[in-house]
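Below is one structure, written out as structure tokens, with a few remarks after it.
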Amino acid sequence: MTTFLSGIQPSGQQHLGNYFGAIRQHIASQEVEGEHYFFIADYHALTTTRDAEQLRENVRELAVTYLALGLDPERVVFFRQSDVPQVLELTWLLATVTGMGLLERAHSYKDKLAKGIKPSVGLFTYPVLMAADILAYDATDVPVGKDQVQHVEMTQDMAGYFNGTYGEVFVIPKARIPEREKLAKVPGLDGEKMSKSYGNGLWIFEEGKALKKRIGRILTDSRPPEEPKDPDGVLLLDFLSLFLDAEELGEWRERVRAGGAQAPGYGHLKARLIEAVDEHFGPARERRRELLADLGEVERILEQGAERARERAAATRDRAYRACGLRG
Ligand code: TYM
């Protein structure tokens, strides 16, 4: 049986990278037979957030985002990571079989060091907690964007060390990334990877003037519309490719390639992009507003999810405890 599991950090507004790389896959997976666990990684968020009210606000926002986009809490176990303390118990067991070297090789940790962030022990051991998240629910398939693949591979290693030492306790999971490169690694407004920490994101519920302003910031150059251009080098077309069907996208690309009097300027591409974002997220924006007015219901959904998640994680924890001798 397939067990889907993934988590997202509640670190502010979710951007198009989170949506196309992850959230959309999570919601689509509920149509596939199997079990589904999706959660808000609030323990992980503590490695970067120090403002308690902000964290609470970010958790609410992320819960509302998933539900507005169509996550069905009847089919999906949707919960807050910190409502399942058993993952911390598993984190310790995994930490005791994991070498420092494995964690020192983590790209995301090395990137943060390179940016001058002074690492806490929590930031260093972040992948161990992530491994516990995945292994606690016997997940088989972990839908994530490309930047998280290494963490899933590290999870395979940690599960392997534990199983090799104590017997077959954990199921070995695999990462699932979107097939299209542009979805697995959505570019930001500046052409680098879209990321909360780079400030180059586009919030999925941005609308009106604010949306126009953000899209106005997408990197262009000063070449005139008439000049024929390689469409692969036009960042706006990458953004359009997230939303348009193949036929319409092909037409825009062809017109950019051909140049001449009929070629669209960057302003045209931006206008089409704004329209496409409005079409794609318009209905979810409305649902988001409704949900924000009924946060009691959102909380109830999370608590219900937590109960189911705890049950599953406790069974895995018991199995792991027995295997390593913490219980008879
Ligand atoms: P986080 O919160 O940084 O990102 C959430 C999801 O969004 C994907 N993503 C992207 N995909 C495509 N293009 C982009 N530009 C882009 N930016 C982000 C990420 O790959 C991710 O799937 N450590 C995780 C959270 C986590 C987790 C887990 C995930 C905690 N425990 C267990 C899976 C399983 C994180 O910080 O993701």
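Lettering and numbering for the structure tokens are positional, with chains as A, B, ... in the shown order, residues counted from 1 in each chain, and ligands counted from 1 in the shown order.
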
Distance query Leu295 of chain A at most 12 Å, only C-alpha atoms, self and fewer than 2 positions along chain excluded, as a PyMOL selection string: chain A and resi 57+59-61+63-64+67+288-293+297-302

Let me see the file: selected residues, N, CA and C atoms, as an mmCIF file, in the first residue's frame.
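out_33.cif, freshly written:
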```cif
data_model
loop_
_atom_site.group_PDB
_atom_site.id
_atom_site.type_symbol
_atom_site.label_atom_id
_atom_site.label_comp_id
_atom_site.auth_asym_id
_atom_site.auth_seq_id
_atom_site.Cartn_x
_atom_site.Cartn_y
_atom_site.Cartn_z
ATOM 1 N N GLU A 57 0.456 32.537 14.064
ATOM 2 C CA GLU A 57 -0.198 33.117 12.890
ATOM 3 C C GLU A 57 0.184 32.325 11.619
ATOM 4 N N VAL A 59 1.123 29.222 11.411
ATOM 5 C CA VAL A 59 0.506 27.885 11.425
ATOM 6 C C VAL A 59 -0.940 27.991 10.939
ATOM 7 N N ARG A 60 -1.658 28.987 11.453
ATOM 8 C CA ARG A 60 -3.059 29.182 11.002
ATOM 9 C C ARG A 60 -3.099 29.421 9.499
ATOM 10 N N GLU A 61 -2.195 30.268 9.027
ATOM 11 C CA GLU A 61 -2.192 30.624 7.606
ATOM 12 C C GLU A 61 -1.942 29.383 6.738
ATOM 13 N N ALA A 63 -2.505 26.231 7.535
ATOM 14 C CA ALA A 63 -3.664 25.320 7.618
ATOM 15 C C ALA A 63 -4.761 25.811 6.675
ATOM 16 N N VAL A 64 -5.032 27.094 6.729
ATOM 17 C CA VAL A 64 -6.077 27.678 5.892
ATOM 18 C C VAL A 64 -5.705 27.542 4.408
ATOM 19 N N LEU A 67 -6.434 23.988 3.191
ATOM 20 C CA LEU A 67 -7.875 23.705 3.117
ATOM 21 C C LEU A 67 -8.512 24.509 1.983
ATOM 22 N N ARG A 288 -10.401 30.853 1.126
ATOM 23 C CA ARG A 288 -9.493 31.261 2.205
ATOM 24 C C ARG A 288 -10.172 32.293 3.106
ATOM 25 N N ARG A 289 -10.848 33.253 2.490
ATOM 26 C CA ARG A 289 -11.524 34.281 3.292
ATOM 27 C C ARG A 289 -12.598 33.659 4.186
ATOM 28 N N GLU A 290 -13.328 32.692 3.640
ATOM 29 C CA GLU A 290 -14.370 32.036 4.450
ATOM 30 C C GLU A 290 -13.750 31.297 5.634
ATOM 31 N N LEU A 291 -12.660 30.588 5.346
ATOM 32 C CA LEU A 291 -12.017 29.809 6.411
ATOM 33 C C LEU A 291 -11.434 30.716 7.495
ATOM 34 N N LEU A 292 -10.915 31.855 7.096
ATOM 35 C CA LEU A 292 -10.342 32.777 8.082
ATOM 36 C C LEU A 292 -11.422 33.276 9.041
ATOM 37 N N ALA A 293 -12.661 33.235 8.558
ATOM 38 C CA ALA A 293 -13.757 33.672 9.420
ATOM 39 C C ALA A 293 -14.260 32.519 10.294
ATOM 40 N N GLU A 297 -13.245 25.899 13.254
ATOM 41 C CA GLU A 297 -13.381 24.699 12.429
ATOM 42 C C GLU A 297 -11.995 24.220 11.963
ATOM 43 N N VAL A 298 -11.137 25.155 11.619
ATOM 44 C CA VAL A 298 -9.783 24.806 11.178
ATOM 45 C C VAL A 298 -9.054 24.089 12.322
ATOM 46 N N GLU A 299 -9.194 24.617 13.521
ATOM 47 C CA GLU A 299 -8.542 24.020 14.692
ATOM 48 C C GLU A 299 -9.090 22.606 14.947
ATOM 49 N N ARG A 300 -10.379 22.463 14.781
ATOM 50 C CA ARG A 300 -11.011 21.154 15.000
ATOM 51 C C ARG A 300 -10.439 20.117 14.016
ATOM 52 N N ILE A 301 -10.258 20.542 12.781
ATOM 53 C CA ILE A 301 -9.703 19.633 11.758
ATOM 54 C C ILE A 301 -8.289 19.198 12.161
ATOM 55 N N LEU A 302 -7.486 20.164 12.623
ATOM 56 C CA LEU A 302 -6.102 19.830 12.997
ATOM 57 C C LEU A 302 -6.069 18.879 14.193
#
```

Environment of ligand 1 within 8 Å, counting only C-alpha atoms and all ligand atoms, reported as a PyMOL selection string: chain A and resi 5-11+15-23+40-41+44-45+126-127+129-131+133-134+142-149+151-152+182-188+193-196

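A straight line drawn from atom CA of Gly305 of chain A to atom CA of Tyr43 of chain A is 16.7 Å long.
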
Those of segment 139-238 of chain A in DSSP alpha helix (DSSP H), formatted as number ranges by chain: A: 149-166, 181-184, 208-216, 235-238

Nearest-residue call for Gln262 of chain A, choices A:Pro225, A:Glu311, A:Met100, A:Leu244, using only C-alpha atoms: A:Pro225

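The neighbours of Thr47 of chain A here are the residues that come within 9 Å of it, using only C-alpha atoms and leaving out any residue fewer than 6 positions away in the same chain; they are Pro119, Ser120, Gly122, Leu123 and Tyr126 of chain A.
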
Could you save the residues just selected, with N, CA and C atoms, as a PDB file, in the first residue's frame?
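Heads up, here's the output in part21.pdb:
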```pdb
ATOM      1  N   PRO A 119      24.669  28.420  13.243  1.00  0.00           N
ATOM      2  CA  PRO A 119      23.753  27.281  13.396  1.00  0.00           C
ATOM      3  C   PRO A 119      23.508  26.890  14.850  1.00  0.00           C
ATOM      4  N   SER A 120      22.256  26.557  15.137  1.00  0.00           N
ATOM      5  CA  SER A 120      21.945  25.966  16.440  1.00  0.00           C
ATOM      6  C   SER A 120      22.083  24.451  16.281  1.00  0.00           C
ATOM      7  N   GLY A 122      19.760  22.506  16.824  1.00  0.00           N
ATOM      8  CA  GLY A 122      18.503  22.135  16.157  1.00  0.00           C
ATOM      9  C   GLY A 122      18.623  22.219  14.647  1.00  0.00           C
ATOM     10  N   LEU A 123      19.271  23.258  14.160  1.00  0.00           N
ATOM     11  CA  LEU A 123      19.413  23.395  12.705  1.00  0.00           C
ATOM     12  C   LEU A 123      20.261  22.243  12.158  1.00  0.00           C
ATOM     13  N   TYR A 126      18.268  19.016  12.151  1.00  0.00           N
ATOM     14  CA  TYR A 126      17.007  19.161  11.415  1.00  0.00           C
ATOM     15  C   TYR A 126      16.673  17.930  10.554  1.00  0.00           C
TER      16      TYR A 126
END
```
